[in-house]
>>> print(open('input_24.cif').read())   # mmCIF, C-alpha atoms
data_query
#
loop_
_atom_site.group_PDB
_atom_site.id
_atom_site.type_symbol
_atom_site.label_atom_id
_atom_site.label_comp_id
_atom_site.auth_asym_id
_atom_site.auth_seq_id
_atom_site.Cartn_x
_atom_site.Cartn_y
_atom_site.Cartn_z
ATOM 1 C CA MET Q 1 -20.564 -13.382 24.877
ATOM 2 C CA ALA Q 2 -19.686 -14.242 21.304
ATOM 3 C CA GLU Q 3 -16.021 -14.761 20.601
ATOM 4 C CA PHE Q 4 -14.407 -11.768 18.903
ATOM 5 C CA ARG Q 5 -13.549 -12.315 15.243
ATOM 6 C CA MET Q 6 -12.426 -9.838 12.607
ATOM 7 C CA THR Q 7 -11.296 -11.017 9.179
ATOM 8 C CA GLY Q 8 -9.320 -9.727 6.247
ATOM 9 C CA GLY Q 9 -7.013 -10.674 3.425
ATOM 10 C CA CYS Q 10 -5.389 -9.715 0.179
ATOM 11 C CA GLN Q 11 -7.016 -8.496 -3.025
ATOM 12 C CA CYS Q 12 -6.959 -11.849 -4.850
ATOM 13 C CA GLY Q 13 -7.997 -13.926 -1.818
ATOM 14 C CA ALA Q 14 -4.997 -16.285 -1.763
ATOM 15 C CA VAL Q 15 -4.167 -15.084 1.760
ATOM 16 C CA ARG Q 16 -6.872 -14.693 4.429
ATOM 17 C CA TYR Q 17 -6.477 -13.996 8.143
ATOM 18 C CA ALA Q 18 -8.599 -13.739 11.274
ATOM 19 C CA LEU Q 19 -8.074 -11.712 14.453
ATOM 20 C CA SER Q 20 -9.413 -13.050 17.760
ATOM 21 C CA GLU Q 21 -9.040 -9.756 19.636
ATOM 22 C CA PRO Q 22 -9.817 -6.165 18.607
ATOM 23 C CA PRO Q 23 -6.832 -4.485 16.944
ATOM 24 C CA THR Q 24 -5.473 -1.543 18.938
ATOM 25 C CA GLY Q 25 -3.028 1.310 18.449
ATOM 26 C CA ALA Q 26 -4.428 2.094 14.998
ATOM 27 C CA HIS Q 27 -2.249 4.697 13.302
ATOM 28 C CA ILE Q 28 -0.876 5.863 10.005
ATOM 29 C CA CYS Q 29 2.907 5.826 9.580
ATOM 30 C CA HIS Q 30 4.407 8.333 7.147
ATOM 31 C CA CYS Q 31 7.993 7.025 7.351
ATOM 32 C CA ARG Q 32 9.739 6.502 4.032
ATOM 33 C CA MET Q 33 9.941 2.746 4.567
ATOM 34 C CA CYS Q 34 6.188 2.464 5.078
ATOM 35 C CA GLN Q 35 5.593 4.757 2.083
ATOM 36 C CA LYS Q 36 7.668 2.488 -0.121
ATOM 37 C CA ALA Q 37 6.227 -0.765 1.221
ATOM 38 C CA PHE Q 38 2.699 0.507 0.538
ATOM 39 C CA GLY Q 39 3.458 2.495 -2.659
ATOM 40 C CA SER Q 40 1.577 5.296 -0.968
ATOM 41 C CA SER Q 41 1.960 8.327 1.247
ATOM 42 C CA PHE Q 42 1.604 6.319 4.472
ATOM 43 C CA ALA Q 43 0.900 2.858 5.910
ATOM 44 C CA PRO Q 44 -2.275 2.359 7.978
ATOM 45 C CA LEU Q 45 -1.594 -0.210 10.702
ATOM 46 C CA ALA Q 46 -3.212 -1.654 13.841
ATOM 47 C CA GLY Q 47 -1.875 -4.365 16.151
ATOM 48 C CA VAL Q 48 -2.916 -7.542 17.918
ATOM 49 C CA ALA Q 49 -1.086 -10.176 19.952
ATOM 50 C CA LEU Q 50 0.669 -12.704 17.721
ATOM 51 C CA THR Q 51 -1.460 -15.361 19.401
ATOM 52 C CA ALA Q 52 -4.595 -13.492 18.241
ATOM 53 C CA PHE Q 53 -3.513 -13.523 14.571
ATOM 54 C CA GLU Q 54 -4.356 -16.614 12.529
ATOM 55 C CA LEU Q 55 -3.782 -17.266 8.838
ATOM 56 C CA THR Q 56 -6.932 -18.994 7.611
ATOM 57 C CA ARG Q 57 -5.843 -19.410 3.977
ATOM 58 C CA GLY Q 58 -2.482 -19.345 2.272
ATOM 59 C CA GLU Q 59 0.823 -18.014 3.524
ATOM 60 C CA LEU Q 60 2.424 -14.618 3.928
ATOM 61 C CA SER Q 61 5.419 -13.793 1.780
ATOM 62 C CA ILE Q 62 7.938 -11.833 3.828
ATOM 63 C CA PHE Q 63 10.302 -9.035 2.871
ATOM 64 C CA MET Q 64 12.699 -8.127 5.678
ATOM 65 C CA SER Q 65 13.013 -4.377 5.239
ATOM 66 C CA SER Q 66 15.690 -4.494 7.975
ATOM 67 C CA ASP Q 67 16.902 -7.181 10.384
ATOM 68 C CA GLN Q 68 14.214 -5.945 12.770
ATOM 69 C CA ALA Q 69 11.139 -5.842 10.566
ATOM 70 C CA GLU Q 70 9.187 -8.432 8.609
ATOM 71 C CA ARG Q 71 6.701 -7.048 6.096
ATOM 72 C CA GLY Q 72 4.149 -9.632 4.987
ATOM 73 C CA PHE Q 73 2.375 -9.489 1.616
ATOM 74 C CA CYS Q 74 0.579 -11.718 -0.882
ATOM 75 C CA SER Q 75 2.946 -12.998 -3.564
ATOM 76 C CA ARG Q 76 -0.003 -13.581 -5.929
ATOM 77 C CA CYS Q 77 -1.430 -10.030 -5.928
ATOM 78 C CA GLY Q 78 0.959 -7.923 -3.831
ATOM 79 C CA THR Q 79 -1.402 -6.575 -1.165
ATOM 80 C CA PRO Q 80 0.636 -5.377 1.859
ATOM 81 C CA LEU Q 81 -0.763 -7.294 4.839
ATOM 82 C CA THR Q 82 1.394 -7.286 7.983
ATOM 83 C CA PHE Q 83 4.245 -5.628 9.859
ATOM 84 C CA HIS Q 84 6.082 -7.494 12.626
ATOM 85 C CA TYR Q 85 9.176 -6.638 14.649
ATOM 86 C CA VAL Q 86 11.239 -9.815 14.997
ATOM 87 C CA GLY Q 87 10.934 -11.338 18.468
ATOM 88 C CA ARG Q 88 8.103 -9.132 19.621
ATOM 89 C CA PRO Q 89 4.763 -10.522 20.802
ATOM 90 C CA ARG Q 90 2.556 -8.312 18.617
ATOM 91 C CA ILE Q 91 1.861 -8.062 14.890
ATOM 92 C CA ALA Q 92 0.247 -5.216 12.942
ATOM 93 C CA ILE Q 93 -2.149 -5.686 10.052
ATOM 94 C CA SER Q 94 -2.766 -3.225 7.225
ATOM 95 C CA ILE Q 95 -6.135 -1.628 7.954
ATOM 96 C CA GLY Q 96 -7.130 -1.537 4.275
ATOM 97 C CA SER Q 97 -6.835 -5.324 4.060
ATOM 98 C CA LEU Q 98 -9.551 -5.795 6.688
ATOM 99 C CA ASP Q 99 -12.955 -6.801 5.357
ATOM 100 C CA GLU Q 100 -14.401 -3.863 7.302
ATOM 101 C CA PRO Q 101 -11.687 -1.184 7.450
ATOM 102 C CA GLU Q 102 -14.250 1.386 8.559
ATOM 103 C CA LYS Q 103 -14.261 -0.267 12.002
ATOM 104 C CA VAL Q 104 -10.602 0.561 12.704
ATOM 105 C CA ALA Q 105 -10.118 4.312 12.611
ATOM 106 C CA PRO Q 106 -6.528 5.513 13.106
ATOM 107 C CA GLY Q 107 -5.833 7.620 16.188
ATOM 108 C CA HIS Q 108 -2.263 8.819 15.630
ATOM 109 C CA GLN Q 109 0.238 9.803 12.953
ATOM 110 C CA PHE Q 110 3.810 8.496 13.204
ATOM 111 C CA GLY Q 111 6.881 9.050 11.065
ATOM 112 C CA ILE Q 112 5.942 12.665 10.415
ATOM 113 C CA GLU Q 113 9.539 13.547 9.526
ATOM 114 C CA ALA Q 114 8.716 12.054 6.120
ATOM 115 C CA ARG Q 115 5.113 13.258 5.828
ATOM 116 C CA LEU Q 116 4.526 14.394 2.259
ATOM 117 C CA SER Q 117 3.847 18.074 1.687
ATOM 118 C CA TRP Q 118 0.605 17.381 -0.156
ATOM 119 C CA PHE Q 119 -0.839 14.951 2.407
ATOM 120 C CA ALA Q 120 -2.746 17.635 4.336
ATOM 121 C CA THR Q 121 -4.365 18.993 1.161
ATOM 122 C CA LEU Q 122 -6.053 15.718 0.166
ATOM 123 C CA PRO Q 123 -9.372 16.346 1.981
ATOM 124 C CA THR Q 124 -9.787 19.642 0.131
ATOM 125 C CA LEU Q 125 -9.296 18.171 -3.354
ATOM 126 C CA PRO Q 126 -12.270 18.196 -5.708
ATOM 127 C CA GLY Q 127 -14.055 14.892 -6.178
ATOM 128 C CA GLU Q 128 -14.569 13.334 -9.584
ATOM 129 C CA LYS Q 129 -17.743 11.567 -10.531
ATOM 130 C CA THR Q 130 -17.916 7.909 -9.647
ATOM 131 C CA THR Q 131 -16.672 5.439 -12.235
ATOM 132 C CA GLU Q 132 -20.306 4.307 -12.544
ATOM 133 C CA GLU Q 133 -21.343 7.854 -13.562
ATOM 134 C CA ASP Q 134 -18.237 8.689 -15.529
ATOM 135 C CA ASP Q 135 -17.819 5.493 -17.538
ATOM 136 C CA PRO Q 136 -20.814 3.156 -17.087
ATOM 137 C CA ARG Q 137 -19.507 0.684 -19.666
ATOM 138 C CA LEU Q 138 -16.194 0.292 -17.828
ATOM 139 C CA ALA Q 139 -17.891 0.126 -14.425
ATOM 140 C CA GLY Q 140 -20.308 -2.530 -15.699
ATOM 141 C CA ASN Q 141 -17.513 -4.621 -17.150
ATOM 142 C CA ILE Q 142 -15.537 -4.409 -13.902
ATOM 143 C CA ALA Q 143 -18.559 -5.347 -11.794
ATOM 144 C CA ALA Q 144 -19.310 -8.310 -14.065
ATOM 145 C CA SER Q 145 -15.761 -9.653 -13.943
ATOM 146 C CA ASN Q 146 -14.440 -8.539 -10.543
ATOM 147 C CA HIS Q 147 -11.664 -10.924 -9.479
ATOM 148 C CA GLN Q 148 -11.221 -9.321 -6.060
ATOM 149 C CA HIS Q 149 -12.010 -11.582 -3.126
ATOM 150 C CA PRO Q 150 -15.287 -10.523 -1.448
ATOM 151 C CA ASP Q 151 -15.136 -8.760 1.916
ATOM 152 C CA HIS Q 152 -15.948 -11.895 3.909
ATOM 153 C CA ASP Q 153 -14.533 -15.400 4.311
ATOM 154 C CA THR Q 154 -15.299 -17.918 1.567
ATOM 155 C CA ASP Q 155 -15.213 -21.729 1.678
ATOM 156 C CA ALA Q 156 -13.414 -21.951 -1.656
ATOM 157 C CA TRP Q 157 -11.661 -19.332 -3.768
ATOM 158 C CA PRO Q 158 -11.601 -18.637 -6.645
ATOM 159 C CA PRO Q 159 -15.181 -19.857 -7.130
ATOM 160 C CA GLY Q 160 -15.974 -22.729 -9.479
ATOM 161 C CA MET E 161 19.465 18.302 -14.603
ATOM 162 C CA SER E 162 17.106 17.044 -17.260
ATOM 163 C CA ALA E 163 13.359 17.504 -17.079
ATOM 164 C CA THR E 164 12.913 13.820 -16.395
ATOM 165 C CA ALA E 165 15.333 13.671 -13.460
ATOM 166 C CA GLY E 166 13.403 12.555 -10.417
ATOM 167 C CA LEU E 167 10.810 10.679 -12.433
ATOM 168 C CA THR E 168 12.313 7.382 -11.322
ATOM 169 C CA GLY E 169 11.087 4.958 -8.752
ATOM 170 C CA GLY E 170 10.577 1.344 -7.840
ATOM 171 C CA CYS E 171 9.660 -1.125 -5.181
ATOM 172 C CA GLN E 172 10.915 -1.313 -1.621
ATOM 173 C CA CYS E 173 13.495 -4.041 -2.219
ATOM 174 C CA GLY E 174 14.764 -2.609 -5.517
ATOM 175 C CA ALA E 175 14.072 -5.652 -7.715
ATOM 176 C CA VAL E 176 11.755 -3.545 -9.906
ATOM 177 C CA ARG E 177 12.690 -0.026 -11.069
ATOM 178 C CA PHE E 178 10.997 2.347 -13.532
ATOM 179 C CA ARG E 179 11.502 5.657 -15.259
ATOM 180 C CA ALA E 180 8.816 7.926 -16.693
ATOM 181 C CA GLY E 181 9.380 10.472 -19.432
ATOM 182 C CA ARG E 182 6.696 12.744 -18.045
ATOM 183 C CA LEU E 183 3.707 12.595 -15.760
ATOM 184 C CA GLY E 184 0.025 13.361 -16.214
ATOM 185 C CA ARG E 185 -2.753 13.779 -13.694
ATOM 186 C CA ALA E 186 -2.206 12.648 -10.103
ATOM 187 C CA SER E 187 -5.158 11.479 -8.047
ATOM 188 C CA ILE E 188 -6.256 9.331 -5.161
ATOM 189 C CA CYS E 189 -8.925 6.695 -5.852
ATOM 190 C CA HIS E 190 -11.132 5.658 -2.938
ATOM 191 C CA CYS E 191 -12.733 2.600 -4.578
ATOM 192 C CA ARG E 192 -12.627 -0.660 -2.646
ATOM 193 C CA MET E 193 -10.437 -2.307 -5.281
ATOM 194 C CA CYS E 194 -7.745 0.351 -4.892
ATOM 195 C CA GLN E 195 -8.093 0.134 -1.097
ATOM 196 C CA LYS E 196 -7.460 -3.596 -1.262
ATOM 197 C CA GLN E 197 -4.546 -3.383 -3.716
ATOM 198 C CA PHE E 198 -2.720 -1.025 -1.352
ATOM 199 C CA GLY E 199 -3.959 -2.504 1.940
ATOM 200 C CA ALA E 200 -4.750 1.107 2.700
ATOM 201 C CA PHE E 201 -7.443 3.769 2.352
ATOM 202 C CA TYR E 202 -7.050 4.764 -1.304
ATOM 203 C CA GLY E 203 -4.919 4.239 -4.391
ATOM 204 C CA PRO E 204 -2.557 7.178 -5.058
ATOM 205 C CA PHE E 205 -1.822 7.109 -8.798
ATOM 206 C CA VAL E 206 -0.246 9.369 -11.399
ATOM 207 C CA THR E 207 -0.465 8.808 -15.143
ATOM 208 C CA GLY E 208 2.960 7.931 -16.555
ATOM 209 C CA PHE E 209 4.032 8.622 -20.149
ATOM 210 C CA GLU E 210 6.993 6.921 -21.875
ATOM 211 C CA VAL E 211 7.385 4.547 -18.927
ATOM 212 C CA THR E 212 10.246 2.065 -19.111
ATOM 213 C CA TRP E 213 11.078 -0.712 -16.658
ATOM 214 C CA THR E 214 14.779 -0.202 -16.008
ATOM 215 C CA ARG E 215 15.199 -3.219 -13.702
ATOM 216 C CA GLY E 216 12.943 -6.242 -13.465
ATOM 217 C CA GLN E 217 9.246 -6.203 -14.264
ATOM 218 C CA PRO E 218 6.155 -5.992 -12.108
ATOM 219 C CA LYS E 219 4.142 -9.131 -11.526
ATOM 220 C CA ARG E 220 0.499 -8.455 -12.404
ATOM 221 C CA PHE E 221 -2.811 -9.436 -10.831
ATOM 222 C CA GLN E 222 -5.814 -9.171 -13.149
ATOM 223 C CA SER E 223 -8.342 -7.536 -10.838
ATOM 224 C CA SER E 224 -11.114 -7.609 -13.481
ATOM 225 C CA ASN E 225 -11.384 -8.226 -17.211
ATOM 226 C CA GLN E 226 -10.546 -4.520 -17.652
ATOM 227 C CA ALA E 227 -7.524 -3.973 -15.433
ATOM 228 C CA TRP E 228 -4.225 -5.398 -14.246
ATOM 229 C CA ARG E 229 -2.481 -4.274 -11.047
ATOM 230 C CA GLY E 230 1.297 -4.529 -10.939
ATOM 231 C CA PHE E 231 3.479 -5.164 -7.871
ATOM 232 C CA CYS E 232 6.899 -6.495 -6.943
ATOM 233 C CA ALA E 233 6.802 -10.259 -6.493
ATOM 234 C CA ASP E 234 9.817 -10.095 -4.153
ATOM 235 C CA CYS E 235 8.637 -7.453 -1.666
ATOM 236 C CA GLY E 236 5.003 -6.720 -2.546
ATOM 237 C CA THR E 237 5.143 -2.970 -3.199
ATOM 238 C CA PRO E 238 2.053 -1.973 -5.226
ATOM 239 C CA LEU E 239 3.300 -0.326 -8.428
ATOM 240 C CA THR E 240 0.733 0.060 -11.214
ATOM 241 C CA PHE E 241 -2.860 0.151 -12.427
ATOM 242 C CA GLU E 242 -3.010 -0.852 -16.076
ATOM 243 C CA VAL E 243 -5.872 -0.836 -18.580
ATOM 244 C CA PRO E 244 -4.917 -2.042 -22.071
ATOM 245 C CA GLY E 245 -4.832 0.828 -24.540
ATOM 246 C CA ARG E 246 -4.352 3.459 -21.844
ATOM 247 C CA GLU E 247 -1.253 4.967 -20.289
ATOM 248 C CA VAL E 248 -0.001 3.174 -17.171
ATOM 249 C CA GLU E 249 -0.918 4.595 -13.770
ATOM 250 C CA LEU E 250 2.044 4.541 -11.338
ATOM 251 C CA ALA E 251 1.822 4.329 -7.526
ATOM 252 C CA ILE E 252 2.934 7.720 -6.244
ATOM 253 C CA GLY E 253 4.600 6.376 -3.102
ATOM 254 C CA ALA E 254 6.889 4.227 -5.251
ATOM 255 C CA PHE E 255 8.558 7.272 -6.795
ATOM 256 C CA ASP E 256 12.017 8.144 -5.463
ATOM 257 C CA ASP E 257 10.598 11.619 -4.889
ATOM 258 C CA PRO E 258 6.855 11.302 -4.253
ATOM 259 C CA THR E 259 6.501 15.095 -4.190
ATOM 260 C CA VAL E 260 6.740 15.096 -8.022
ATOM 261 C CA ALA E 261 3.094 14.001 -8.178
ATOM 262 C CA ALA E 262 0.858 15.944 -5.806
ATOM 263 C CA PRO E 263 -2.708 14.662 -6.250
ATOM 264 C CA VAL E 264 -5.200 17.150 -7.692
ATOM 265 C CA LEU E 265 -8.342 15.018 -7.699
ATOM 266 C CA GLN E 266 -10.257 12.471 -5.623
ATOM 267 C CA VAL E 267 -11.677 9.635 -7.715
ATOM 268 C CA ASN E 268 -14.712 7.625 -6.571
ATOM 269 C CA PRO E 269 -15.274 9.888 -3.529
ATOM 270 C CA ASN E 270 -18.521 8.061 -2.710
ATOM 271 C CA ASP E 271 -16.406 5.126 -1.505
ATOM 272 C CA LYS E 272 -14.250 7.260 0.817
ATOM 273 C CA LEU E 273 -13.821 5.768 4.299
ATOM 274 C CA ALA E 274 -15.465 7.966 6.940
ATOM 275 C CA PHE E 275 -12.263 8.768 8.818
ATOM 276 C CA VAL E 276 -10.050 9.663 5.847
ATOM 277 C CA ASP E 277 -10.655 13.408 5.801
ATOM 278 C CA GLY E 278 -9.715 13.610 9.497
ATOM 279 C CA LEU E 279 -6.290 11.969 9.106
ATOM 280 C CA PRO E 280 -4.242 15.184 8.726
ATOM 281 C CA ARG E 281 -5.622 16.436 12.054
ATOM 282 C CA LEU E 282 -4.635 13.342 14.061
ATOM 283 C CA PRO E 283 -2.116 13.876 16.882
ATOM 284 C CA THR E 284 1.524 13.283 16.001
ATOM 285 C CA ARG E 285 4.659 12.171 17.829
ATOM 286 C CA GLN E 286 7.803 14.179 17.220
ATOM 287 C CA ALA E 287 11.322 12.777 17.339
ATOM 288 C CA GLY E 288 12.525 13.061 20.936
ATOM 289 C CA GLU E 289 9.141 12.431 22.525
ATOM 290 C CA SER E 290 9.782 8.720 22.905
ATOM 291 C CA PRO E 291 13.449 8.037 23.789
ATOM 292 C CA ALA E 292 12.942 4.270 23.759
ATOM 293 C CA SER E 293 11.475 4.404 20.269
ATOM 294 C CA ASP E 294 14.225 6.742 19.049
ATOM 295 C CA ALA E 295 16.906 4.470 20.504
ATOM 296 C CA PHE E 296 15.395 1.462 18.772
ATOM 297 C CA LYS E 297 15.157 3.263 15.437
ATOM 298 C CA ALA E 298 18.826 4.186 15.721
ATOM 299 C CA THR E 299 19.665 0.459 15.598
ATOM 300 C CA VAL E 300 17.701 -0.179 12.396
ATOM 301 C CA VAL E 301 19.762 -0.817 9.274
ATOM 302 C CA SER E 302 17.451 -0.377 6.298
ATOM 303 C CA TYR E 303 17.525 -2.858 3.417
ATOM 304 C CA GLN E 304 15.216 -0.631 1.387
ATOM 305 C CA HIS E 305 16.517 0.356 -2.033
ATOM 306 C CA PRO E 306 17.799 3.960 -1.937
ATOM 307 C CA ASP E 307 15.691 6.707 -3.528
ATOM 308 C CA GLN E 308 17.794 6.830 -6.683
ATOM 309 C CA ASP E 309 18.835 4.461 -9.447
ATOM 310 C CA THR E 310 21.683 2.085 -8.610
ATOM 311 C CA ALA E 311 24.047 0.249 -10.960
ATOM 312 C CA VAL E 312 24.000 -2.892 -8.832
ATOM 313 C CA TRP E 313 21.477 -3.961 -6.215
ATOM 314 C CA PRO E 314 21.644 -5.409 -3.624
ATOM 315 C CA GLU E 315 25.093 -4.148 -2.815
ATOM 316 C CA GLU E 316 27.839 -6.743 -2.894
ATOM 317 C CA GLY E 317 27.721 -8.909 0.214
ATOM 318 C CA ALA E 318 24.624 -7.227 1.616
ATOM 319 C CA ARG E 319 21.970 -9.337 3.249
ATOM 320 C CA HIS E 320 18.431 -8.738 2.112
ATOM 321 C CA GLY E 321 15.583 -10.820 3.480
#
>>> encode(input="input_24.cif", output="structure tokens")
Amino acid sequence: MAEFRMTGGCQCGAVRYALSEPPTGAHICHCRMCQKAFGSSFAPLAGVALTAFELTRGELSIFMSSDQAERGFCSRCGTPLTFHYVGRPRIAISIGSLDEPEKVAPGHQFGIEARLSWFATLPTLPGEKTTEEDDPRLAGNIAASNHQHPDHDTDAWPPG
Amino acid sequence: MSATAGLTGGCQCGAVRFRAGRLGRASICHCRMCQKQFGAFYGPFVTGFEVTWTRGQPKRFQSSNQAWRGFCADCGTPLTFEVPGREVELAIGAFDDPTVAAPVLQVNPNDKLAFVDGLPRLPTRQAGESPASDAFKATVVSYQHPDQDTAVWPEEGARHG
């Protein structure tokens, strides 16, 4: 059987990681600390054993949001990447930083004491046209100059 | 209370703080670039008018030749989406009161992850259901900046990361 491998990293590609076991316990956490760390209404996280988490490029920058918790991010582009309780044998990764986030669907909601009132309405909101339809010039310029790391490992980055 | 009270916010550690005079449209953008900026499923942004940086400045990553994405270099919190010549878009979760900007629109819905619409229906865990977890949380002393402006931060003598 092929060895399990799932990869991910930050937006700019300075930090890349690989998981050697499937992440479990996928959830979204609505707590105010996760909201703030992610600049969003929740943090989407899933965990692996520390021994199954490997940095394959660059280093995590760490903000200790309390003495218990280390929040890892890329200091070059800011992408929130990891959450780790000090001394514990597991580490969580941000699901959106995975190359294939679709493969890790959350199963629970935590921190609901802070869940935002508008969170439940999001699926019912109207959808705008795609950027490609709405502003083809802008979409073309972005596609032609996209500095985001591709959703797979690369030998060298940035290219050239 | 003035009309702009509550239109403040900043990063998790408090090194970067902002104030907006007023807000425009709030939305969530499902595109892969917003997903990656936030390490999450979409970018929740609201248009900010008369935005001033009241402490520090975001560091910016140029995600294409059109756009810069701002964040705190000290703690990583995603803060902005910026296109020259347009008003700045501010990350809704970074506001001290994120209820001031309820999204009204989904942008780039074709890129939406399959499980996103089901998130509000996922099972939850209430306080009291996991005594061990509650006991642990009771020991946590947060170093997150409070949800209001502060004259001095970090507080004198406080340890932060």
>>> resolve_selection(input="input_24.cif", expression="the PyMOL selection byres ((chain E and resi 300) around 8)", output="list in words")
Ser66, Asp67 and Gln68 of chain Q; Phe296, Lys297, Ala298, Thr299, Val301 and Ser302 of chain E
>>> resolve_selection(input="input_24.cif", expression="the PyMOL selection byres ((chain Q and resi 126-140) around 8)", output="NGL selection string")
(:Q and (124-125 or 141-144)) or (:E and (226 or 264-270))
>>> resolve_selection(input="input_24.cif", expression="the PyMOL selection byres ((chain E) within 7 of (chain Q))", output="short mmCIF file (atom, residue, chain, number, x, y, z; two decimals) with C-alpha atoms, keeping the file's coordinate frame")
data_model
loop_
_atom_site.label_atom_id
_atom_site.label_comp_id
_atom_site.auth_asym_id
_atom_site.auth_seq_id
_atom_site.Cartn_x
_atom_site.Cartn_y
_atom_site.Cartn_z
CA CYS E 171 9.66 -1.12 -5.18
CA GLN E 172 10.92 -1.31 -1.62
CA GLN E 195 -8.09 0.13 -1.10
CA LYS E 196 -7.46 -3.60 -1.26
CA GLN E 197 -4.55 -3.38 -3.72
CA PHE E 198 -2.72 -1.02 -1.35
CA GLY E 199 -3.96 -2.50 1.94
CA ALA E 200 -4.75 1.11 2.70
CA PHE E 201 -7.44 3.77 2.35
CA PRO E 204 -2.56 7.18 -5.06
CA ARG E 220 0.50 -8.46 -12.40
CA PHE E 221 -2.81 -9.44 -10.83
CA SER E 223 -8.34 -7.54 -10.84
CA SER E 224 -11.11 -7.61 -13.48
CA ASN E 225 -11.38 -8.23 -17.21
CA GLN E 226 -10.55 -4.52 -17.65
CA PHE E 231 3.48 -5.16 -7.87
CA CYS E 232 6.90 -6.50 -6.94
CA ALA E 233 6.80 -10.26 -6.49
CA CYS E 235 8.64 -7.45 -1.67
CA GLY E 236 5.00 -6.72 -2.55
CA THR E 237 5.14 -2.97 -3.20
CA PRO E 238 2.05 -1.97 -5.23
CA LEU E 239 3.30 -0.33 -8.43
CA ALA E 251 1.82 4.33 -7.53
CA ILE E 252 2.93 7.72 -6.24
CA GLY E 253 4.60 6.38 -3.10
CA ALA E 254 6.89 4.23 -5.25
CA THR E 259 6.50 15.10 -4.19
CA ALA E 262 0.86 15.94 -5.81
CA VAL E 264 -5.20 17.15 -7.69
CA LEU E 265 -8.34 15.02 -7.70
CA GLN E 266 -10.26 12.47 -5.62
CA VAL E 267 -11.68 9.64 -7.72
CA ASN E 268 -14.71 7.62 -6.57
CA PRO E 269 -15.27 9.89 -3.53
CA ASN E 270 -18.52 8.06 -2.71
CA LEU E 273 -13.82 5.77 4.30
CA ALA E 274 -15.46 7.97 6.94
CA PHE E 275 -12.26 8.77 8.82
CA ASP E 277 -10.66 13.41 5.80
CA PRO E 280 -4.24 15.18 8.73
CA LEU E 282 -4.64 13.34 14.06
CA PRO E 283 -2.12 13.88 16.88
CA THR E 284 1.52 13.28 16.00
CA ARG E 285 4.66 12.17 17.83
CA VAL E 300 17.70 -0.18 12.40
CA VAL E 301 19.76 -0.82 9.27
CA SER E 302 17.45 -0.38 6.30
CA TYR E 303 17.52 -2.86 3.42
CA GLN E 304 15.22 -0.63 1.39
CA HIS E 320 18.43 -8.74 2.11
CA GLY E 321 15.58 -10.82 3.48
#
>>> atom_distance(input="input_24.cif", atom1="CA of Asp234 (chain E)", atom2="CA of Leu183 (chain E)")
26.2 Å
>>> residues_around(input="input_24.cif", residues="Leu50 (chain Q)", least_positions_apart="5", cutoff="9 Å", atoms="only C-alpha atoms", output="VMD selection string")
chain Q and resid 88 to 92
>>> residues_around(input="input_24.cif", residues="Gly170 (chain E)", least_positions_apart="4", cutoff="7 Å", atoms="only C-alpha atoms", output="number ranges by chain")
E: 174, 176-178, 254-255
>>> axis_aligned_box(input="input_24.cif", around="region 138-155 of chain Q", padding_each_side="4 Å", output="JSON")
{"center_x": -15.8, "center_y": -10.7, "center_z": -6.8, "size_x": 17.1, "size_y": 30.0, "size_z": 30.1}
>>> atom_distance(input="input_24.cif", atom1="CA of Leu167 (chain E)", atom2="CA of Ala227 (chain E)")
23.7 Å
>>> atom_distance(input="input_24.cif", atom1="CA of Met6 (chain Q)", atom2="CA of Gly203 (chain E)")
23.3 Å
>>> closest_residue(input="input_24.cif", among="E:Asp294, E:Glu247, E:Asp307, E:Glu242", to="Thr168 (chain E)", atoms="all atoms listed in the file")
E:Asp307
>>> residues_around(input="input_24.cif", residues="Leu19 (chain Q)", least_positions_apart="6", cutoff="7 Å", atoms="only C-alpha atoms", output="VMD selection string")
chain Q and resid 5 to 7 52 to 54
>>> build_atoms(input="input_24.cif", residues="region 176-184 of chain E", atoms="N, CA and C atoms", output="mmCIF file, in the coordinates of the input")
data_model
loop_
_atom_site.group_PDB
_atom_site.id
_atom_site.type_symbol
_atom_site.label_atom_id
_atom_site.label_comp_id
_atom_site.auth_asym_id
_atom_site.auth_seq_id
_atom_site.Cartn_x
_atom_site.Cartn_y
_atom_site.Cartn_z
ATOM 1 N N VAL E 176 12.465 -4.154 -8.780
ATOM 2 C CA VAL E 176 11.755 -3.545 -9.906
ATOM 3 C C VAL E 176 11.964 -2.039 -9.863
ATOM 4 N N ARG E 177 12.439 -1.477 -10.981
ATOM 5 C CA ARG E 177 12.690 -0.026 -11.069
ATOM 6 C C ARG E 177 12.081 0.491 -12.370
ATOM 7 N N PHE E 178 11.602 1.749 -12.340
ATOM 8 C CA PHE E 178 10.997 2.347 -13.532
ATOM 9 C C PHE E 178 11.475 3.775 -13.722
ATOM 10 N N ARG E 179 11.246 4.261 -14.935
ATOM 11 C CA ARG E 179 11.502 5.657 -15.259
ATOM 12 C C ARG E 179 10.374 6.140 -16.163
ATOM 13 N N ALA E 180 9.858 7.325 -15.866
ATOM 14 C CA ALA E 180 8.816 7.926 -16.693
ATOM 15 C C ALA E 180 9.396 9.122 -17.428
ATOM 16 N N GLY E 181 8.943 9.308 -18.682
ATOM 17 C CA GLY E 181 9.380 10.472 -19.432
ATOM 18 C C GLY E 181 8.718 11.745 -18.931
ATOM 19 N N ARG E 182 7.428 11.626 -18.647
ATOM 20 C CA ARG E 182 6.696 12.744 -18.045
ATOM 21 C C ARG E 182 5.470 12.177 -17.348
ATOM 22 N N LEU E 183 4.850 13.035 -16.554
ATOM 23 C CA LEU E 183 3.707 12.595 -15.760
ATOM 24 C C LEU E 183 2.460 13.370 -16.136
ATOM 25 N N GLY E 184 1.315 12.707 -16.013
ATOM 26 C CA GLY E 184 0.025 13.361 -16.214
ATOM 27 C C GLY E 184 -0.650 13.642 -14.880
#
